[in-house]
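*Asks:* Below is the file data.pdb, with PDB, C-alpha atoms and all ligand atoms.
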```
ATOM      1  CA  MET R   1     -41.654  -1.094  -2.566  1.00  0.00           C
ATOM      2  CA  TYR R   2     -37.909  -1.036  -3.139  1.00  0.00           C
ATOM      3  CA  ILE R   3     -36.610   0.109  -6.528  1.00  0.00           C
ATOM      4  CA  ILE R   4     -33.030  -0.176  -7.707  1.00  0.00           C
ATOM      5  CA  ALA R   5     -31.491   1.740 -10.612  1.00  0.00           C
ATOM      6  CA  ILE R   6     -28.155   0.691 -12.098  1.00  0.00           C
ATOM      7  CA  ASN R   7     -25.970   3.297 -13.809  1.00  0.00           C
ATOM      8  CA  GLY R   8     -23.827   1.820 -16.572  1.00  0.00           C
ATOM      9  CA  SER R   9     -22.188   5.155 -17.423  1.00  0.00           C
ATOM     10  CA  PRO R  10     -18.842   6.166 -15.923  1.00  0.00           C
ATOM     11  CA  ARG R  11     -20.335   9.641 -15.501  1.00  0.00           C
ATOM     12  CA  LYS R  12     -22.440  10.187 -12.381  1.00  0.00           C
ATOM     13  CA  GLU R  13     -24.026  13.498 -13.325  1.00  0.00           C
ATOM     14  CA  TRP R  14     -24.614  13.178 -17.046  1.00  0.00           C
ATOM     15  CA  ASN R  15     -27.335  11.922 -19.368  1.00  0.00           C
ATOM     16  CA  THR R  16     -27.804   8.334 -18.198  1.00  0.00           C
ATOM     17  CA  ALA R  17     -27.449   9.103 -14.484  1.00  0.00           C
ATOM     18  CA  THR R  18     -29.773  12.108 -14.796  1.00  0.00           C
ATOM     19  CA  MET R  19     -32.490   9.982 -16.366  1.00  0.00           C
ATOM     20  CA  LEU R  20     -32.055   7.254 -13.765  1.00  0.00           C
ATOM     21  CA  LYS R  21     -32.230   9.797 -10.937  1.00  0.00           C
ATOM     22  CA  ARG R  22     -35.413  11.194 -12.454  1.00  0.00           C
ATOM     23  CA  ALA R  23     -36.870   7.676 -12.654  1.00  0.00           C
ATOM     24  CA  LEU R  24     -36.089   7.203  -8.962  1.00  0.00           C
ATOM     25  CA  GLU R  25     -37.709  10.557  -8.185  1.00  0.00           C
ATOM     26  CA  GLY R  26     -40.811   9.183  -9.896  1.00  0.00           C
ATOM     27  CA  ALA R  27     -40.619   6.112  -7.665  1.00  0.00           C
ATOM     28  CA  LEU R  28     -40.095   8.328  -4.599  1.00  0.00           C
ATOM     29  CA  SER R  29     -43.234  10.275  -5.521  1.00  0.00           C
ATOM     30  CA  GLN R  30     -45.069   6.991  -4.934  1.00  0.00           C
ATOM     31  CA  LYS R  31     -43.300   6.534  -1.570  1.00  0.00           C
ATOM     32  CA  ALA R  32     -40.953   3.808  -2.804  1.00  0.00           C
ATOM     33  CA  LYS R  33     -37.556   3.210  -1.243  1.00  0.00           C
ATOM     34  CA  THR R  34     -34.917   3.800  -3.917  1.00  0.00           C
ATOM     35  CA  GLU R  35     -31.245   3.121  -4.514  1.00  0.00           C
ATOM     36  CA  LEU R  36     -28.921   4.154  -7.348  1.00  0.00           C
ATOM     37  CA  ILE R  37     -25.863   1.981  -7.931  1.00  0.00           C
ATOM     38  CA  HIS R  38     -22.961   3.206 -10.067  1.00  0.00           C
ATOM     39  CA  LEU R  39     -21.297   0.242 -11.745  1.00  0.00           C
ATOM     40  CA  TYR R  40     -18.065   2.129 -12.335  1.00  0.00           C
ATOM     41  CA  ASP R  41     -17.568   2.366  -8.528  1.00  0.00           C
ATOM     42  CA  LEU R  42     -17.352  -1.421  -8.331  1.00  0.00           C
ATOM     43  CA  ASN R  43     -14.683  -4.012  -9.074  1.00  0.00           C
ATOM     44  CA  TYR R  44     -16.073  -7.049 -10.845  1.00  0.00           C
ATOM     45  CA  THR R  45     -15.834  -9.211 -13.930  1.00  0.00           C
ATOM     46  CA  GLY R  46     -18.349 -10.536 -16.396  1.00  0.00           C
ATOM     47  CA  CYS R  47     -19.491 -14.165 -16.309  1.00  0.00           C
ATOM     48  CA  ILE R  48     -16.482 -16.506 -15.990  1.00  0.00           C
ATOM     49  CA  SER R  49     -18.326 -19.538 -17.341  1.00  0.00           C
ATOM     50  CA  CYS R  50     -17.850 -21.579 -14.142  1.00  0.00           C
ATOM     51  CA  PHE R  51     -21.413 -22.992 -14.533  1.00  0.00           C
ATOM     52  CA  ALA R  52     -21.917 -23.179 -10.749  1.00  0.00           C
ATOM     53  CA  CYS R  53     -25.305 -21.544 -11.452  1.00  0.00           C
ATOM     54  CA  LYS R  54     -26.203 -24.405 -13.815  1.00  0.00           C
ATOM     55  CA  THR R  55     -24.830 -27.338 -11.779  1.00  0.00           C
ATOM     56  CA  ARG R  56     -27.469 -29.944 -10.925  1.00  0.00           C
ATOM     57  CA  ARG R  57     -28.107 -29.959  -7.153  1.00  0.00           C
ATOM     58  CA  GLY R  58     -25.259 -27.428  -6.851  1.00  0.00           C
ATOM     59  CA  VAL R  59     -25.249 -25.067  -3.853  1.00  0.00           C
ATOM     60  CA  SER R  60     -25.219 -22.099  -6.210  1.00  0.00           C
ATOM     61  CA  TYR R  61     -27.801 -23.356  -8.705  1.00  0.00           C
ATOM     62  CA  GLY R  62     -29.643 -20.344 -10.142  1.00  0.00           C
ATOM     63  CA  ARG R  63     -27.310 -17.885  -8.411  1.00  0.00           C
ATOM     64  CA  CYS R  64     -23.949 -16.393  -9.376  1.00  0.00           C
ATOM     65  CA  ALA R  65     -21.127 -18.047  -7.413  1.00  0.00           C
ATOM     66  CA  VAL R  66     -18.493 -15.432  -8.240  1.00  0.00           C
ATOM     67  CA  LYS R  67     -17.615 -13.335  -5.199  1.00  0.00           C
ATOM     68  CA  ASP R  68     -16.741  -9.712  -5.894  1.00  0.00           C
ATOM     69  CA  ASP R  69     -18.304  -6.250  -5.594  1.00  0.00           C
ATOM     70  CA  LEU R  70     -21.307  -7.352  -7.651  1.00  0.00           C
ATOM     71  CA  SER R  71     -22.321 -10.084  -5.178  1.00  0.00           C
ATOM     72  CA  PRO R  72     -24.184  -7.758  -2.761  1.00  0.00           C
ATOM     73  CA  VAL R  73     -25.748  -5.911  -5.703  1.00  0.00           C
ATOM     74  CA  LEU R  74     -27.129  -9.135  -7.193  1.00  0.00           C
ATOM     75  CA  LYS R  75     -28.530 -10.047  -3.765  1.00  0.00           C
ATOM     76  CA  LYS R  76     -30.224  -6.650  -3.459  1.00  0.00           C
ATOM     77  CA  ILE R  77     -31.784  -7.028  -6.898  1.00  0.00           C
ATOM     78  CA  GLU R  78     -33.265 -10.350  -5.834  1.00  0.00           C
ATOM     79  CA  GLU R  79     -34.889  -8.565  -2.909  1.00  0.00           C
ATOM     80  CA  SER R  80     -36.071  -5.578  -4.979  1.00  0.00           C
ATOM     81  CA  ASP R  81     -39.585  -4.908  -6.273  1.00  0.00           C
ATOM     82  CA  ALA R  82     -38.542  -3.146  -9.482  1.00  0.00           C
ATOM     83  CA  LEU R  83     -35.368  -2.683 -11.495  1.00  0.00           C
ATOM     84  CA  ILE R  84     -34.198  -0.031 -13.950  1.00  0.00           C
ATOM     85  CA  LEU R  85     -30.948  -0.407 -15.862  1.00  0.00           C
ATOM     86  CA  GLY R  86     -29.366   2.540 -17.650  1.00  0.00           C
ATOM     87  CA  SER R  87     -26.513   2.713 -20.114  1.00  0.00           C
ATOM     88  CA  PRO R  88     -24.963   4.990 -22.701  1.00  0.00           C
ATOM     89  CA  ILE R  89     -24.559   3.391 -26.112  1.00  0.00           C
ATOM     90  CA  TYR R  90     -20.911   2.635 -26.823  1.00  0.00           C
ATOM     91  CA  PHE R  91     -20.166   1.403 -30.340  1.00  0.00           C
ATOM     92  CA  GLY R  92     -23.745   0.329 -30.918  1.00  0.00           C
ATOM     93  CA  THR R  93     -24.298  -1.511 -27.651  1.00  0.00           C
ATOM     94  CA  VAL R  94     -24.298  -0.913 -23.900  1.00  0.00           C
ATOM     95  CA  SER R  95     -21.117   0.076 -22.045  1.00  0.00           C
ATOM     96  CA  GLY R  96     -18.592  -2.638 -21.188  1.00  0.00           C
ATOM     97  CA  GLU R  97     -19.372  -2.487 -17.464  1.00  0.00           C
ATOM     98  CA  MET R  98     -23.103  -2.795 -18.158  1.00  0.00           C
ATOM     99  CA  LYS R  99     -22.502  -5.766 -20.463  1.00  0.00           C
ATOM    100  CA  SER R 100     -20.426  -7.571 -17.803  1.00  0.00           C
ATOM    101  CA  PHE R 101     -23.080  -6.768 -15.202  1.00  0.00           C
ATOM    102  CA  MET R 102     -25.860  -8.125 -17.446  1.00  0.00           C
ATOM    103  CA  GLU R 103     -23.993 -11.406 -17.932  1.00  0.00           C
ATOM    104  CA  ARG R 104     -23.715 -11.849 -14.176  1.00  0.00           C
ATOM    105  CA  LEU R 105     -27.331 -10.812 -13.522  1.00  0.00           C
ATOM    106  CA  PHE R 106     -29.116 -12.611 -16.353  1.00  0.00           C
ATOM    107  CA  PHE R 107     -27.270 -15.888 -16.878  1.00  0.00           C
ATOM    108  CA  PRO R 108     -27.850 -17.534 -13.447  1.00  0.00           C
ATOM    109  CA  PHE R 109     -31.589 -16.836 -13.532  1.00  0.00           C
ATOM    110  CA  LEU R 110     -32.172 -18.258 -17.031  1.00  0.00           C
ATOM    111  CA  THR R 111     -32.447 -22.026 -17.262  1.00  0.00           C
ATOM    112  CA  TYR R 112     -31.008 -23.977 -20.170  1.00  0.00           C
ATOM    113  CA  THR R 113     -34.340 -25.730 -20.603  1.00  0.00           C
ATOM    114  CA  ASP R 114     -36.598 -25.837 -23.611  1.00  0.00           C
ATOM    115  CA  PRO R 115     -38.418 -23.496 -23.339  1.00  0.00           C
ATOM    116  CA  PRO R 116     -36.151 -21.452 -21.083  1.00  0.00           C
ATOM    117  CA  ALA R 117     -37.536 -20.619 -17.641  1.00  0.00           C
ATOM    118  CA  SER R 118     -36.726 -18.022 -14.994  1.00  0.00           C
ATOM    119  CA  LEU R 119     -35.328 -18.776 -11.543  1.00  0.00           C
ATOM    120  CA  PHE R 120     -35.864 -15.172 -10.411  1.00  0.00           C
ATOM    121  CA  PRO R 121     -38.109 -15.486  -7.343  1.00  0.00           C
ATOM    122  CA  LYS R 122     -40.928 -13.162  -8.480  1.00  0.00           C
ATOM    123  CA  LYS R 123     -42.290 -11.040 -11.307  1.00  0.00           C
ATOM    124  CA  ILE R 124     -41.168  -7.406 -11.077  1.00  0.00           C
ATOM    125  CA  PRO R 125     -41.388  -4.339 -13.316  1.00  0.00           C
ATOM    126  CA  ALA R 126     -38.093  -4.026 -15.193  1.00  0.00           C
ATOM    127  CA  GLY R 127     -36.891  -1.395 -17.640  1.00  0.00           C
ATOM    128  CA  PHE R 128     -33.872  -0.194 -19.554  1.00  0.00           C
ATOM    129  CA  ILE R 129     -32.932   3.426 -20.250  1.00  0.00           C
ATOM    130  CA  TYR R 130     -30.489   4.051 -23.108  1.00  0.00           C
ATOM    131  CA  THR R 131     -28.830   7.352 -23.998  1.00  0.00           C
ATOM    132  CA  MET R 132     -26.910   7.935 -27.235  1.00  0.00           C
ATOM    133  CA  ASN R 133     -25.455  10.447 -29.634  1.00  0.00           C
ATOM    134  CA  VAL R 134     -27.277   9.323 -32.750  1.00  0.00           C
ATOM    135  CA  THR R 135     -30.700  10.592 -33.716  1.00  0.00           C
ATOM    136  CA  GLU R 136     -33.732   8.325 -33.863  1.00  0.00           C
ATOM    137  CA  GLU R 137     -33.715   8.732 -37.659  1.00  0.00           C
ATOM    138  CA  GLN R 138     -30.087   7.600 -37.895  1.00  0.00           C
ATOM    139  CA  ILE R 139     -30.734   4.519 -35.803  1.00  0.00           C
ATOM    140  CA  ASN R 140     -33.813   3.596 -37.816  1.00  0.00           C
ATOM    141  CA  ALA R 141     -31.875   4.095 -41.053  1.00  0.00           C
ATOM    142  CA  PHE R 142     -29.535   1.361 -39.810  1.00  0.00           C
ATOM    143  CA  GLY R 143     -32.536  -0.886 -39.210  1.00  0.00           C
ATOM    144  CA  GLY R 144     -32.726  -0.115 -35.489  1.00  0.00           C
ATOM    145  CA  VAL R 145     -30.575  -1.821 -32.905  1.00  0.00           C
ATOM    146  CA  SER R 146     -31.527  -5.459 -32.459  1.00  0.00           C
ATOM    147  CA  HIS R 147     -29.624  -5.326 -29.183  1.00  0.00           C
ATOM    148  CA  PHE R 148     -32.471  -3.305 -27.597  1.00  0.00           C
ATOM    149  CA  SER R 149     -35.175  -5.824 -28.474  1.00  0.00           C
ATOM    150  CA  ASN R 150     -32.958  -8.671 -27.335  1.00  0.00           C
ATOM    151  CA  ASN R 151     -32.466  -7.043 -23.931  1.00  0.00           C
ATOM    152  CA  GLU R 152     -36.237  -6.545 -23.678  1.00  0.00           C
ATOM    153  CA  ARG R 153     -36.801 -10.196 -24.553  1.00  0.00           C
ATOM    154  CA  VAL R 154     -34.334 -11.434 -21.922  1.00  0.00           C
ATOM    155  CA  MET R 155     -35.766  -9.116 -19.246  1.00  0.00           C
ATOM    156  CA  LYS R 156     -39.281 -10.336 -20.028  1.00  0.00           C
ATOM    157  CA  LEU R 157     -38.083 -13.927 -19.726  1.00  0.00           C
ATOM    158  CA  ILE R 158     -36.408 -13.351 -16.371  1.00  0.00           C
ATOM    159  CA  PHE R 159     -38.471 -10.675 -14.629  1.00  0.00           C
ATOM    160  CA  GLY R 160     -41.763 -11.115 -16.481  1.00  0.00           C
ATOM    161  CA  THR R 161     -41.612  -7.597 -17.935  1.00  0.00           C
ATOM    162  CA  GLY R 162     -39.204  -5.443 -19.918  1.00  0.00           C
ATOM    163  CA  GLN R 163     -39.641  -1.850 -21.072  1.00  0.00           C
ATOM    164  CA  SER R 164     -37.208   0.332 -23.016  1.00  0.00           C
ATOM    165  CA  LEU R 165     -36.774   4.089 -22.943  1.00  0.00           C
ATOM    166  CA  PHE R 166     -34.472   5.955 -25.329  1.00  0.00           C
ATOM    167  CA  SER R 167     -32.844   9.354 -25.209  1.00  0.00           C
ATOM    168  CA  TYR R 168     -31.383  10.198 -28.623  1.00  0.00           C
ATOM    169  CA  ASP R 169     -29.001  12.895 -29.778  1.00  0.00           C
ATOM    170  CA  THR R 170     -27.711  13.625 -26.276  1.00  0.00           C
ATOM    171  CA  CYS R 171     -25.348  16.417 -25.350  1.00  0.00           C
ATOM    172  CA  GLN R 172     -21.980  14.743 -24.772  1.00  0.00           C
ATOM    173  CA  PHE R 173     -19.634  17.600 -23.816  1.00  0.00           C
ATOM    174  CA  ASP R 174     -19.736  20.617 -21.527  1.00  0.00           C
ATOM    175  CA  ASP R 175     -18.035  22.687 -24.158  1.00  0.00           C
ATOM    176  CA  TYR R 176     -17.947  21.445 -27.745  1.00  0.00           C
ATOM    177  CA  SER R 177     -15.319  24.045 -28.680  1.00  0.00           C
ATOM    178  CA  LYS R 178     -12.746  22.264 -26.488  1.00  0.00           C
ATOM    179  CA  VAL R 179     -12.968  18.921 -28.310  1.00  0.00           C
ATOM    180  CA  VAL R 180     -12.439  17.787 -31.876  1.00  0.00           C
ATOM    181  CA  ALA R 181     -16.008  16.872 -32.739  1.00  0.00           C
ATOM    182  CA  ASP R 182     -16.855  18.826 -35.878  1.00  0.00           C
ATOM    183  CA  ARG R 183     -19.592  16.507 -36.991  1.00  0.00           C
ATOM    184  CA  PHE R 184     -21.841  17.845 -34.229  1.00  0.00           C
ATOM    185  CA  ASP R 185     -23.514  21.235 -34.275  1.00  0.00           C
ATOM    186  CA  PRO R 186     -23.032  22.549 -30.691  1.00  0.00           C
ATOM    187  CA  GLU R 187     -26.006  24.915 -30.994  1.00  0.00           C
ATOM    188  CA  LYS R 188     -28.325  22.116 -32.084  1.00  0.00           C
ATOM    189  CA  LYS R 189     -27.015  19.846 -29.313  1.00  0.00           C
ATOM    190  CA  LEU R 190     -27.611  22.520 -26.684  1.00  0.00           C
ATOM    191  CA  GLN R 191     -31.057  23.308 -28.027  1.00  0.00           C
ATOM    192  CA  ARG R 192     -32.018  19.644 -27.918  1.00  0.00           C
ATOM    193  CA  HIS R 193     -30.577  19.363 -24.409  1.00  0.00           C
ATOM    194  CA  ARG R 194     -32.753  22.288 -23.316  1.00  0.00           C
ATOM    195  CA  GLU R 195     -35.916  21.264 -25.143  1.00  0.00           C
ATOM    196  CA  VAL R 196     -36.018  17.483 -25.647  1.00  0.00           C
ATOM    197  CA  PHE R 197     -33.867  16.004 -22.872  1.00  0.00           C
ATOM    198  CA  PRO R 198     -36.220  17.324 -20.132  1.00  0.00           C
ATOM    199  CA  MET R 199     -39.080  15.499 -21.891  1.00  0.00           C
ATOM    200  CA  ASP R 200     -37.017  12.294 -21.930  1.00  0.00           C
ATOM    201  CA  CYS R 201     -36.431  12.793 -18.206  1.00  0.00           C
ATOM    202  CA  GLU R 202     -40.160  13.151 -17.664  1.00  0.00           C
ATOM    203  CA  LYS R 203     -40.684   9.815 -19.418  1.00  0.00           C
ATOM    204  CA  ALA R 204     -38.137   8.348 -16.999  1.00  0.00           C
ATOM    205  CA  PHE R 205     -40.015   9.927 -14.063  1.00  0.00           C
ATOM    206  CA  ARG R 206     -43.234   8.312 -15.279  1.00  0.00           C
ATOM    207  CA  MET R 207     -41.491   4.948 -15.663  1.00  0.00           C
ATOM    208  CA  GLY R 208     -40.295   5.144 -12.045  1.00  0.00           C
ATOM    209  CA  ALA R 209     -43.708   6.215 -10.745  1.00  0.00           C
ATOM    210  CA  GLN R 210     -45.426   3.501 -12.746  1.00  0.00           C
ATOM    211  CA  PHE R 211     -43.026   0.816 -11.534  1.00  0.00           C
ATOM    212  CA  ALA R 212     -43.421   1.954  -7.913  1.00  0.00           C
ATOM    213  CA  GLY R 213     -47.154   1.578  -8.362  1.00  0.00           C
ATOM    214  CA  GLY R 214     -46.479  -2.018  -9.411  1.00  0.00           C
ATOM    215  CA  ARG R 215     -47.536  -1.285 -12.981  1.00  0.00           C
ATOM    216  CA  HIS R 216     -45.484  -2.040 -16.069  1.00  0.00           C
ATOM    217  CA  ASP R 217     -47.911  -1.840 -19.008  1.00  0.00           C
TER     218      ASP R 217
HETATM  219  C1  LIG R 301     -16.569   5.111 -25.899  1.00  0.00           C
HETATM  220  C2  LIG R 301     -17.807   5.771 -26.446  1.00  0.00           C
HETATM  221  C3  LIG R 301     -18.482   5.189 -27.506  1.00  0.00           C
HETATM  222  C4  LIG R 301     -19.680   5.742 -27.973  1.00  0.00           C
HETATM  223  N1  LIG R 301     -20.339   5.133 -29.016  1.00  0.00           N
HETATM  224  C5  LIG R 301     -21.536   5.612 -29.419  1.00  0.00           C
HETATM  225  C6  LIG R 301     -22.285   4.947 -30.424  1.00  0.00           C
HETATM  226  O1  LIG R 301     -21.890   3.915 -30.966  1.00  0.00           O
HETATM  227  N2  LIG R 301     -23.478   5.467 -30.795  1.00  0.00           N
HETATM  228  C7  LIG R 301     -23.977   6.610 -30.213  1.00  0.00           C
HETATM  229  O2  LIG R 301     -25.072   7.010 -30.565  1.00  0.00           O
HETATM  230  N3  LIG R 301     -23.294   7.249 -29.226  1.00  0.00           N
HETATM  231  C8  LIG R 301     -22.090   6.776 -28.825  1.00  0.00           C
HETATM  232  N4  LIG R 301     -21.410   7.426 -27.806  1.00  0.00           N
HETATM  233  C9  LIG R 301     -22.022   8.610 -27.162  1.00  0.00           C
HETATM  234  C10 LIG R 301     -22.768   8.262 -25.870  1.00  0.00           C
HETATM  235  O3  LIG R 301     -23.575   7.108 -26.014  1.00  0.00           O
HETATM  236  C11 LIG R 301     -23.702   9.394 -25.447  1.00  0.00           C
HETATM  237  O4  LIG R 301     -22.987  10.610 -25.380  1.00  0.00           O
HETATM  238  C12 LIG R 301     -24.342   9.088 -24.115  1.00  0.00           C
HETATM  239  O5  LIG R 301     -25.480   9.876 -23.907  1.00  0.00           O
HETATM  240  C13 LIG R 301     -23.366   9.297 -22.963  1.00  0.00           C
HETATM  241  O6  LIG R 301     -23.981   8.976 -21.756  1.00  0.00           O
HETATM  242  P1  LIG R 301     -23.551   9.706 -20.380  1.00  0.00           P
HETATM  243  O7  LIG R 301     -23.758  11.165 -20.610  1.00  0.00           O
HETATM  244  O8  LIG R 301     -24.487   9.163 -19.369  1.00  0.00           O
HETATM  245  O9  LIG R 301     -22.148   9.337 -20.103  1.00  0.00           O
HETATM  246  C14 LIG R 301     -20.196   6.910 -27.361  1.00  0.00           C
HETATM  247  C15 LIG R 301     -19.488   7.517 -26.290  1.00  0.00           C
HETATM  248  C16 LIG R 301     -18.300   6.949 -25.858  1.00  0.00           C
HETATM  249  C17 LIG R 301     -17.559   7.605 -24.696  1.00  0.00           C
END
```
Let me see the structure of the file written as C-alpha cells.
*Replies:*
Amino acid sequence: MYIIAINGSPRKEWNTATMLKRALEGALSQKAKTELIHLYDLNYTGCISCFACKTRRGVSYGRCAVKDDLSPVLKKIEESDALILGSPIYFGTVSGEMKSFMERLFFPFLTYTDPPASLFPKKIPAGFIYTMNVTEEQINAFGGVSHFSNNERVMKLIFGTGQSLFSYDTCQFDDYSKVVADRFDPEKKLQRHREVFPMDCEKAFRMGAQFAGGRHD
C-alpha cells in the first residue's frame, strides 16, 4: 500500500502540510508506504492544451505528454494505491500551483466521451484536504463553495472515490501583532488553533488510516 499526499501550500510546516502529514501518519499506522510531495518545490506549468493525451492512437493517449518536474509525480500517482491532495484556499479556490497540478493530473485521465470515462488504471481511495481562514458559517452564508463539490465529482469520476475534509478558521500568522490584519481576533485564532485544529488533524489521521486499509466510505 503506497499513499501519496500532495501539498499545494507554499508553507511546509503550516496548516495544510500539518494535516497532510497527520494523514500520512494515519496511513503509516496501517503499515503503508507514504510520500509527501511539496508542489512549490517543483517547476511546472498547468495544462498547455496540446491534446496529446486526447489524440486518437497517439503515443501519449490518456497520459500527460508535457515533460517537466511534474512528470515523475504523475507517474508515481499512477502507481499509488491512494491519493490525498491538500490546499489552502486562495481567493475562494485552491492555490495556483494546486490548480495547475490538477489540470495536469485530471485532464489526461478523463475521456471526452459521453458519458465521460476514466483512463486511470484502477480504483483508489482519493481525498482532498482544504484549509482556510473563513469560518464554516461564513462559507455556508455564501452558499458554500461549489468548487469543493466539483473537485469531489471529478475525483470520483477518475479514481472512483472522492472525499473532502475541511479545516476552517485556521491560524495564519505566527504573531498577529506583526501584521495588519485587524479583522481577526488573535486570541480567538489561537484558541481555535489549540482546541479545534488538533481535531481536524485527527480527522486527517483517520482519513489516512482508512485509505491505507483500502476503505473510502
Ligand atoms: C494569497 C492568499 C489568499 C487567501 N484567500 C483566502 C480566501 O479566499 N478564503 C479564506 O478563507 N482564506 C484565504 N486565505 C487564507 C488561507 O487559506 C489559510 O490561512 C490557510 O489555512 C493557509 O494554509 P497554510 O497554512 O497551509 O499555508 C488566503 C491566504 C493567502 C496567502
*Asks:* Starting from the shown file, work through the PyMOL selection byres (((chain R and resi 40) around 9) and not hetatm) and note down what comes out as a list in words.
*Replies:*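 With the shown file as input, the PyMOL selection byres (((chain R and resi 40) around 9) and not hetatm) matches Asn7, Gly8, Ser9, Pro10, Arg11, Ile37, His38, Leu39, Asp41, Leu42, Asn43 and Glu97 of chain R.
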*Asks:* Considering only C-alpha atoms and all ligand atoms, state which residue in the set R:Asp182, R:Asp114, R:Glu103, R:Asp169 is at the smallest distance from ligand LIG 301 (chain R).
*Replies:*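 Nearest to ligand LIG 301 (chain R): R:Asp169.
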*Asks:* Evaluate the PyMOL selection byres (((chain R and resi 45-53) around 9) and not hetatm) here and jot the selected residues down as a PyMOL selection string.
*Replies:* chain R and resi 43-44+54-56+58-66+68+70+97+99-105+107-109
*Asks:* Translate the PyMOL selection byres (((chain R and resi 190) around 10) and not hetatm), as applied to the file shown, into an explicit residue set as a short mmCIF file (atom, residue, chain, number, x, y, z; two decimals) with C-alpha atoms, in the coordinates of the input.
*Replies:*
```cif
data_model
loop_
_atom_site.label_atom_id
_atom_site.label_comp_id
_atom_site.auth_asym_id
_atom_site.auth_seq_id
_atom_site.Cartn_x
_atom_site.Cartn_y
_atom_site.Cartn_z
CA THR R 170 -27.71 13.62 -26.28
CA CYS R 171 -25.35 16.42 -25.35
CA GLN R 172 -21.98 14.74 -24.77
CA PHE R 173 -19.63 17.60 -23.82
CA ASP R 174 -19.74 20.62 -21.53
CA ASP R 175 -18.04 22.69 -24.16
CA TYR R 176 -17.95 21.44 -27.74
CA ASP R 185 -23.51 21.24 -34.28
CA PRO R 186 -23.03 22.55 -30.69
CA GLU R 187 -26.01 24.92 -30.99
CA LYS R 188 -28.32 22.12 -32.08
CA LYS R 189 -27.02 19.85 -29.31
CA GLN R 191 -31.06 23.31 -28.03
CA ARG R 192 -32.02 19.64 -27.92
CA HIS R 193 -30.58 19.36 -24.41
CA ARG R 194 -32.75 22.29 -23.32
CA GLU R 195 -35.92 21.26 -25.14
CA VAL R 196 -36.02 17.48 -25.65
CA PHE R 197 -33.87 16.00 -22.87
#
```
*Asks:* List as a PyMOL selection string the protein and nucleic acid residues lying within 9 Å of ligand LIG 301 (chain R), with all atoms listed in the file counted.
*Replies:* chain R and resi 7-19+86-95+130-135+138-139+167-173
*Asks:* Please indicate the distance in Å from atom CA of Ser80 of chain R to atom CA of Phe211 of chain R, rounded to one decimal place.
*Replies:*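 One can read the atom CA of Ser80 of chain R to atom CA of Phe211 of chain R distance as 11.5 Å.
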*Asks:* Hey, what's within 9 Å of segment 201-210 of chain R if we count all atoms listed in the file and toss same-chain stuff fewer than 4 positions away? As a list of chain:residue names, please?
*Replies:*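 Surrounding residues, per the criterion: R:Ile3, R:Thr18, R:Met19, R:Leu20, R:Lys21, R:Arg22, R:Ala23, R:Leu24, R:Glu25, R:Gly26, R:Ala27, R:Leu28, R:Ser29, R:Gln30, R:Ala32, R:Ala82, R:Ile84, R:Pro125, R:Gly127, R:Ile129, R:Gln163, R:Leu165, R:Ser167, R:Val196, R:Phe197, R:Gly214, R:Arg215, R:His216, R:Asp217.
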*Asks:* Need the neighbours of (-31.9, -8.6, -2.2): which residues are at most 12 Å away, counting all atoms listed in the file, as JSON, numbers by chain?
*Replies:* {"R": [2, 3, 4, 35, 70, 71, 72, 73, 74, 75, 76, 77, 78, 79, 80, 81, 82, 83, 120, 121, 122]}
*Asks:* Please work out which residues fall within 10 Å of (-35.2, -14.7, -22.5), coordinates as given in the file, with only C-alpha atoms counting, and return them as a count of residues only.
*Replies:* 20
*Asks:* Calculated over only C-alpha atoms, which of the candidates R:Ala126, R:Leu119, R:Met199, R:Ala181 has the smallest distance to Ala212 of chain R?
*Replies:*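 Answer, going by the shortest atom-to-atom distance: R:Ala126.
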*Asks:* One number please: atom CA of Met1 of chain R to atom CA of Lys123 of chain R, in Å, one decimal.
*Replies:* 13.3 Å
*Asks:* To one decimal place in Å, what is the distance between atom CA of Leu36 of chain R and atom CA of Asp69 of chain R?
*Replies:*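 It comes out at 15.0 Å.
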*Asks:* So, with all atoms listed in the file as the atoms that count, which of R:Arg57, R:Met98, R:Phe166, R:Thr161 lies closest to Val145 of chain R?
*Replies:* R:Phe166
*Asks:* Extending 3 Å beyond the listed atoms of segment 109-124 of chain R on each side, what axis-aligned box results? I want centre and edge lengths in Å to one decimal, as JSON.
*Replies:*
```
{"center_x": -36.6, "center_y": -16.6, "center_z": -15.5, "size_x": 17.3, "size_y": 24.4, "size_z": 22.3}
```
*Asks:* Quick one: segment 92-97 of chain R with N, CA, C and O atoms, as a compact mmCIF listing (two decimals), in the frame of the given file?
*Replies:*
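New file selection23.txt:
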```txt
# COMPACT_ATOMS: atom_id res chain seq x y z
N GLY R 92 -22.53 1.06 -30.52
CA GLY R 92 -23.74 0.33 -30.92
C GLY R 92 -24.32 -0.59 -29.86
O GLY R 92 -25.34 -1.24 -30.11
N THR R 93 -23.72 -0.65 -28.69
CA THR R 93 -24.30 -1.51 -27.65
C THR R 93 -24.12 -0.83 -26.29
O THR R 93 -23.72 0.35 -26.23
N VAL R 94 -24.44 -1.53 -25.22
CA VAL R 94 -24.30 -0.91 -23.90
C VAL R 94 -22.82 -0.82 -23.53
O VAL R 94 -21.97 -1.43 -24.18
N SER R 95 -22.52 -0.07 -22.47
CA SER R 95 -21.12 0.08 -22.04
C SER R 95 -20.55 -1.27 -21.59
O SER R 95 -21.31 -2.19 -21.23
N GLY R 96 -19.24 -1.38 -21.58
CA GLY R 96 -18.59 -2.64 -21.19
C GLY R 96 -18.98 -3.08 -19.79
O GLY R 96 -19.25 -4.25 -19.54
N GLU R 97 -19.02 -2.13 -18.85
CA GLU R 97 -19.37 -2.49 -17.46
C GLU R 97 -20.81 -3.00 -17.39
O GLU R 97 -21.11 -3.94 -16.65
```
